[in-house]
file query.pdb (PDB, C-alpha atoms)
ATOM      1  CA  TYR A  19      91.368  43.541  78.342  1.00  0.00           C
ATOM      2  CA  VAL A  20      89.306  45.479  75.838  1.00  0.00           C
ATOM      3  CA  GLU A  21      89.213  48.596  78.005  1.00  0.00           C
ATOM      4  CA  GLU A  22      92.971  48.353  78.623  1.00  0.00           C
ATOM      5  CA  ILE A  23      93.675  48.090  74.880  1.00  0.00           C
ATOM      6  CA  ARG A  24      91.325  50.990  74.153  1.00  0.00           C
ATOM      7  CA  ALA A  25      93.033  53.157  76.773  1.00  0.00           C
ATOM      8  CA  GLU A  26      96.474  52.327  75.377  1.00  0.00           C
ATOM      9  CA  LEU A  27      95.436  53.114  71.810  1.00  0.00           C
ATOM     10  CA  GLN A  28      93.827  56.368  72.927  1.00  0.00           C
ATOM     11  CA  GLU A  29      97.014  57.387  74.735  1.00  0.00           C
ATOM     12  CA  ARG A  30      99.023  56.722  71.578  1.00  0.00           C
ATOM     13  CA  ILE A  31      96.605  58.794  69.524  1.00  0.00           C
ATOM     14  CA  ASP A  32      96.945  61.653  71.998  1.00  0.00           C
ATOM     15  CA  LYS A  33     100.745  61.515  72.006  1.00  0.00           C
ATOM     16  CA  ARG A  34     101.433  60.958  68.320  1.00  0.00           C
ATOM     17  CA  GLY A  35      98.264  61.972  66.560  1.00  0.00           C
ATOM     18  CA  ASN A  36      96.526  65.129  65.492  1.00  0.00           C
ATOM     19  CA  ILE A  37      95.771  66.284  69.028  1.00  0.00           C
ATOM     20  CA  ALA A  38      99.444  66.538  69.956  1.00  0.00           C
ATOM     21  CA  GLN A  39     100.258  68.178  66.635  1.00  0.00           C
ATOM     22  CA  ILE A  40      97.617  70.859  67.172  1.00  0.00           C
ATOM     23  CA  GLN A  41      98.870  71.472  70.716  1.00  0.00           C
ATOM     24  CA  LYS A  42     102.459  71.851  69.437  1.00  0.00           C
ATOM     25  CA  LEU A  43     101.305  74.281  66.744  1.00  0.00           C
ATOM     26  CA  GLU A  44      99.381  76.338  69.294  1.00  0.00           C
ATOM     27  CA  LEU A  45     102.488  76.487  71.503  1.00  0.00           C
ATOM     28  CA  MET A  46     104.553  77.590  68.509  1.00  0.00           C
ATOM     29  CA  MET A  47     101.937  80.252  67.715  1.00  0.00           C
ATOM     30  CA  GLU A  48     102.095  81.483  71.308  1.00  0.00           C
ATOM     31  CA  ASN A  49     105.900  81.731  71.133  1.00  0.00           C
ATOM     32  CA  THR A  50     105.628  83.672  67.871  1.00  0.00           C
ATOM     33  CA  TYR A  51     103.191  86.143  69.431  1.00  0.00           C
ATOM     34  CA  ASP A  52     105.592  86.648  72.342  1.00  0.00           C
ATOM     35  CA  LEU A  53     108.382  87.357  69.868  1.00  0.00           C
ATOM     36  CA  CYS A  54     106.118  89.773  67.968  1.00  0.00           C
ATOM     37  CA  ALA A  55     105.410  91.610  71.224  1.00  0.00           C
ATOM     38  CA  GLU A  56     109.151  92.004  71.862  1.00  0.00           C
ATOM     39  CA  MET A  57     110.041  92.888  68.267  1.00  0.00           C
ATOM     40  CA  PRO A  58     109.202  96.629  68.469  1.00  0.00           C
ATOM     41  CA  LEU A  59     111.553  96.971  71.463  1.00  0.00           C
ATOM     42  CA  ILE A  60     114.354  95.183  69.611  1.00  0.00           C
ATOM     43  CA  LEU A  61     113.836  97.230  66.433  1.00  0.00           C
ATOM     44  CA  ASP A  62     113.707 100.464  68.423  1.00  0.00           C
ATOM     45  CA  LYS A  63     116.963  99.595  70.165  1.00  0.00           C
ATOM     46  CA  LEU A  64     118.583  98.951  66.760  1.00  0.00           C
ATOM     47  CA  GLY A  65     117.194 102.220  65.419  1.00  0.00           C
ATOM     48  CA  LEU A  66     114.993 100.557  62.787  1.00  0.00           C
ATOM     49  CA  GLU A  67     111.401 101.305  61.802  1.00  0.00           C
ATOM     50  CA  THR A  68     108.934  99.710  64.219  1.00  0.00           C
ATOM     51  CA  ALA A  69     105.625 100.413  62.455  1.00  0.00           C
ATOM     52  CA  TYR A  70     103.456  97.630  61.075  1.00  0.00           C
ATOM     53  CA  PRO A  71     102.644  97.608  58.306  1.00  0.00           C
ATOM     54  CA  PRO A  72     105.843  99.312  57.180  1.00  0.00           C
ATOM     55  CA  GLY A  73     105.612 102.595  55.339  1.00  0.00           C
ATOM     56  CA  GLN A  74     105.472 102.766  51.541  1.00  0.00           C
ATOM     57  CA  GLU A  75     109.069 104.056  51.381  1.00  0.00           C
ATOM     58  CA  THR A  76     110.341 100.999  53.270  1.00  0.00           C
ATOM     59  CA  MET A  77     108.295  98.603  51.121  1.00  0.00           C
ATOM     60  CA  SER A  78     109.468 100.262  47.890  1.00  0.00           C
ATOM     61  CA  GLY A  79     113.073 100.199  49.095  1.00  0.00           C
ATOM     62  CA  ILE A  80     112.961  96.480  49.841  1.00  0.00           C
ATOM     63  CA  TYR A  81     110.619  95.082  47.162  1.00  0.00           C
ATOM     64  CA  GLY A  82     110.758  97.735  44.440  1.00  0.00           C
ATOM     65  CA  PRO A  83     108.426 100.590  43.479  1.00  0.00           C
ATOM     66  CA  GLY A  84     104.661 100.002  43.421  1.00  0.00           C
ATOM     67  CA  THR A  85     104.600  97.306  46.118  1.00  0.00           C
ATOM     68  CA  ALA A  86     101.387  97.428  48.107  1.00  0.00           C
ATOM     69  CA  THR A  87     101.496  97.375  51.901  1.00  0.00           C
ATOM     70  CA  PRO A  88      99.693  94.518  53.678  1.00  0.00           C
ATOM     71  CA  HIS A  89      96.191  95.545  54.674  1.00  0.00           C
ATOM     72  CA  GLN A  90      95.043  92.522  56.670  1.00  0.00           C
ATOM     73  CA  ALA A  91      96.050  91.837  60.262  1.00  0.00           C
ATOM     74  CA  PRO A  92      97.527  88.393  60.943  1.00  0.00           C
ATOM     75  CA  HIS A  93      95.349  85.645  62.412  1.00  0.00           C
ATOM     76  CA  VAL A  94      95.750  85.847  66.181  1.00  0.00           C
ATOM     77  CA  ARG A  95      92.787  83.827  67.479  1.00  0.00           C
ATOM     78  CA  PRO A  96      93.663  80.400  68.919  1.00  0.00           C
ATOM     79  CA  SER A  97      91.813  77.323  67.775  1.00  0.00           C
ATOM     80  CA  ALA A  98      88.286  77.033  69.088  1.00  0.00           C
ATOM     81  CA  SER A  99      87.349  74.563  71.782  1.00  0.00           C
ATOM     82  CA  PHE A 100      84.081  72.708  71.497  1.00  0.00           C
ATOM     83  CA  ARG A 101      81.716  71.480  74.168  1.00  0.00           C
ATOM     84  CA  PRO A 102      81.026  67.732  74.189  1.00  0.00           C
ATOM     85  CA  LEU A 103      77.864  66.634  72.391  1.00  0.00           C
ATOM     86  CA  VAL A 104      76.059  63.268  72.447  1.00  0.00           C
ATOM     87  CA  TYR A 105      73.898  62.088  69.544  1.00  0.00           C
ATOM     88  CA  PRO A 106      71.781  58.943  69.304  1.00  0.00           C
ATOM     89  CA  ILE A 107      72.725  57.210  66.044  1.00  0.00           C
ATOM     90  CA  GLN A 108      70.306  54.320  66.352  1.00  0.00           C
ATOM     91  CA  ASN A 109      69.939  52.105  63.276  1.00  0.00           C
ATOM     92  CA  MET A 110      66.375  50.956  63.803  1.00  0.00           C
ATOM     93  CA  TRP A 111      66.388  48.393  60.986  1.00  0.00           C
ATOM     94  CA  GLY A 112      69.687  46.885  62.064  1.00  0.00           C
ATOM     95  CA  ALA A 113      68.678  46.745  65.728  1.00  0.00           C
ATOM     96  CA  SER A 114      65.297  45.200  64.849  1.00  0.00           C
ATOM     97  CA  CYS A 115      66.844  42.558  62.569  1.00  0.00           C
ATOM     98  CA  LEU A 116      69.518  41.693  65.134  1.00  0.00           C
ATOM     99  CA  CYS A 117      66.934  41.293  67.883  1.00  0.00           C
ATOM    100  CA  LEU A 118      64.570  39.218  65.707  1.00  0.00           C
ATOM    101  CA  MET A 119      67.263  37.013  64.097  1.00  0.00           C
ATOM    102  CA  THR A 120      68.679  36.041  67.485  1.00  0.00           C
ATOM    103  CA  LEU A 121      65.175  35.488  68.909  1.00  0.00           C
ATOM    104  CA  GLY A 122      65.763  38.245  71.432  1.00  0.00           C
ATOM    105  CA  LEU A 123      69.034  36.822  72.772  1.00  0.00           C
ATOM    106  CA  ALA A 124      71.072  39.761  71.495  1.00  0.00           C
ATOM    107  CA  GLY A 125      68.636  42.253  72.961  1.00  0.00           C
ATOM    108  CA  TRP A 126      67.915  45.705  71.632  1.00  0.00           C
ATOM    109  CA  GLN A 127      71.063  47.402  70.366  1.00  0.00           C
ATOM    110  CA  THR A 128      71.545  51.133  70.882  1.00  0.00           C
ATOM    111  CA  ALA A 129      74.266  53.364  69.493  1.00  0.00           C
ATOM    112  CA  THR A 130      75.471  56.811  70.508  1.00  0.00           C
ATOM    113  CA  LEU A 131      78.000  59.169  69.006  1.00  0.00           C
ATOM    114  CA  THR A 132      79.909  61.398  71.422  1.00  0.00           C
ATOM    115  CA  LEU A 133      81.759  64.384  70.000  1.00  0.00           C
ATOM    116  CA  GLY A 134      84.383  65.320  72.557  1.00  0.00           C
ATOM    117  CA  GLU A 135      86.559  68.389  72.553  1.00  0.00           C
ATOM    118  CA  GLU A 136      89.276  66.614  70.570  1.00  0.00           C
ATOM    119  CA  GLU A 137      87.758  63.343  69.343  1.00  0.00           C
ATOM    120  CA  MET A 138      84.698  61.365  68.304  1.00  0.00           C
ATOM    121  CA  VAL A 139      83.614  58.156  70.097  1.00  0.00           C
ATOM    122  CA  THR A 140      80.943  55.705  68.922  1.00  0.00           C
ATOM    123  CA  GLU A 141      79.388  53.445  71.570  1.00  0.00           C
ATOM    124  CA  MET A 142      77.232  50.386  70.889  1.00  0.00           C
ATOM    125  CA  ASP A 143      75.209  48.832  73.756  1.00  0.00           C
ATOM    126  CA  ASN A 144      73.047  45.735  73.951  1.00  0.00           C
TER
END
call {"tool": "encode", "arguments": {"input": "query.pdb", "output": "structure tokens"}}
result
Amino acid sequence: YVEEIRAELQERIDKRGNIAQIQKLELMMENTYDLCAEMPLILDKLGLETAYPPGQETMSGIYGPGTATPHQAPHVRPSASFRPLVYPIQNMWGASCLCLMTLGLAGWQTATLTLGEEEMVTEMDN
């Protein structure tokens, strides 16, 4: 039952949690970039200025004289994906005390930390 509960909780995290939110934001970003690619065609068809950043005359006409034009390009890189990593996170004192206090019945306890692409998992083994 433990594995079934863990799988169910993990599915809920994926659907409602941060992972799904990031995926929705990336999809929204992708849609925005598609719109930005089509925008020059739409502006050209309407006879409007298509340059980015807009010229100083356009900026002054909209926002008043002395307005600076944007100099930094927008962020267009998607979120980075990470390769899975596994780390031993052995607590030597805890494992030793557990083994000694149970007269060896509990066995030697090991712990690992797995950093997945979207989540972190801690595993304890006897």
call {"tool": "resolve_selection", "arguments": {"input": "query.pdb", "expression": "the PyMOL selection byres ((chain A and resi 136) around 10)", "output": "PyMOL selection string"}}
result
chain A and resi 32+36-37+40+99-102+133-135+137-138
call {"tool": "write_last_selection", "arguments": {"input": "query.pdb", "atoms": "C-alpha atoms", "output": "mmCIF file, keeping the file's coordinate frame"}}
result
data_model
loop_
_atom_site.group_PDB
_atom_site.id
_atom_site.type_symbol
_atom_site.label_atom_id
_atom_site.label_comp_id
_atom_site.auth_asym_id
_atom_site.auth_seq_id
_atom_site.Cartn_x
_atom_site.Cartn_y
_atom_site.Cartn_z
ATOM 1 C CA ASP A 32 96.945 61.653 71.998
ATOM 2 C CA ASN A 36 96.526 65.129 65.492
ATOM 3 C CA ILE A 37 95.771 66.284 69.028
ATOM 4 C CA ILE A 40 97.617 70.859 67.172
ATOM 5 C CA SER A 99 87.349 74.563 71.782
ATOM 6 C CA PHE A 100 84.081 72.708 71.497
ATOM 7 C CA ARG A 101 81.716 71.480 74.168
ATOM 8 C CA PRO A 102 81.026 67.732 74.189
ATOM 9 C CA LEU A 133 81.759 64.384 70.000
ATOM 10 C CA GLY A 134 84.383 65.320 72.557
ATOM 11 C CA GLU A 135 86.559 68.389 72.553
ATOM 12 C CA GLU A 137 87.758 63.343 69.343
ATOM 13 C CA MET A 138 84.698 61.365 68.304
#
call {"tool": "atom_distance", "arguments": {"input": "query.pdb", "atom1": "CA of Thr85 in chain A", "atom2": "CA of Gly73 in chain A"}}
result
10.7 Å
call {"tool": "closest_residue", "arguments": {"input": "query.pdb", "among": "A:Ala124, A:Leu103, A:Cys117, A:Leu61", "to": "Val139 in chain A", "atoms": "all atoms listed in the file"}}
result
A:Leu103
call {"tool": "closest_residue", "arguments": {"input": "query.pdb", "among": "A:Gly84, A:Gly125, A:Gly79, A:Pro58", "to": "Asn144 in chain A", "atoms": "only C-alpha atoms"}}
result
A:Gly125
call {"tool": "residues_around", "arguments": {"input": "query.pdb", "residues": "Gln74 in chain A", "least_positions_apart": "2", "cutoff": "10 Å", "atoms": "only C-alpha atoms", "output": "number ranges by chain"}}
result
A: 71-72, 76-80, 83-87
call {"tool": "atom_distance", "arguments": {"input": "query.pdb", "atom1": "CA of Trp126 in chain A", "atom2": "CA of Ala113 in chain A"}}
result
6.0 Å
call {"tool": "closest_residue", "arguments": {"input": "query.pdb", "among": "A:Thr120, A:Glu67, A:Asp143, A:Glu75", "to": "Gln108 in chain A", "atoms": "all atoms listed in the file"}}
result
A:Asp143
call {"tool": "closest_residue", "arguments": {"input": "query.pdb", "among": "A:Glu21, A:Leu27, A:Ala69, A:Gln127", "to": "Trp111 in chain A", "atoms": "all atoms listed in the file"}}
result
A:Gln127
call {"tool": "atom_distance", "arguments": {"input": "query.pdb", "atom1": "CA of Ile31 in chain A", "atom2": "CA of Thr132 in chain A"}}
result
17.0 Å
call {"tool": "resolve_selection", "arguments": {"input": "query.pdb", "expression": "the PyMOL selection byres ((chain A and resi 129) around 9)", "output": "JSON, numbers by chain"}}
result
{"A": [105, 106, 107, 108, 109, 127, 128, 130, 131, 140, 141, 142, 143, 144]}
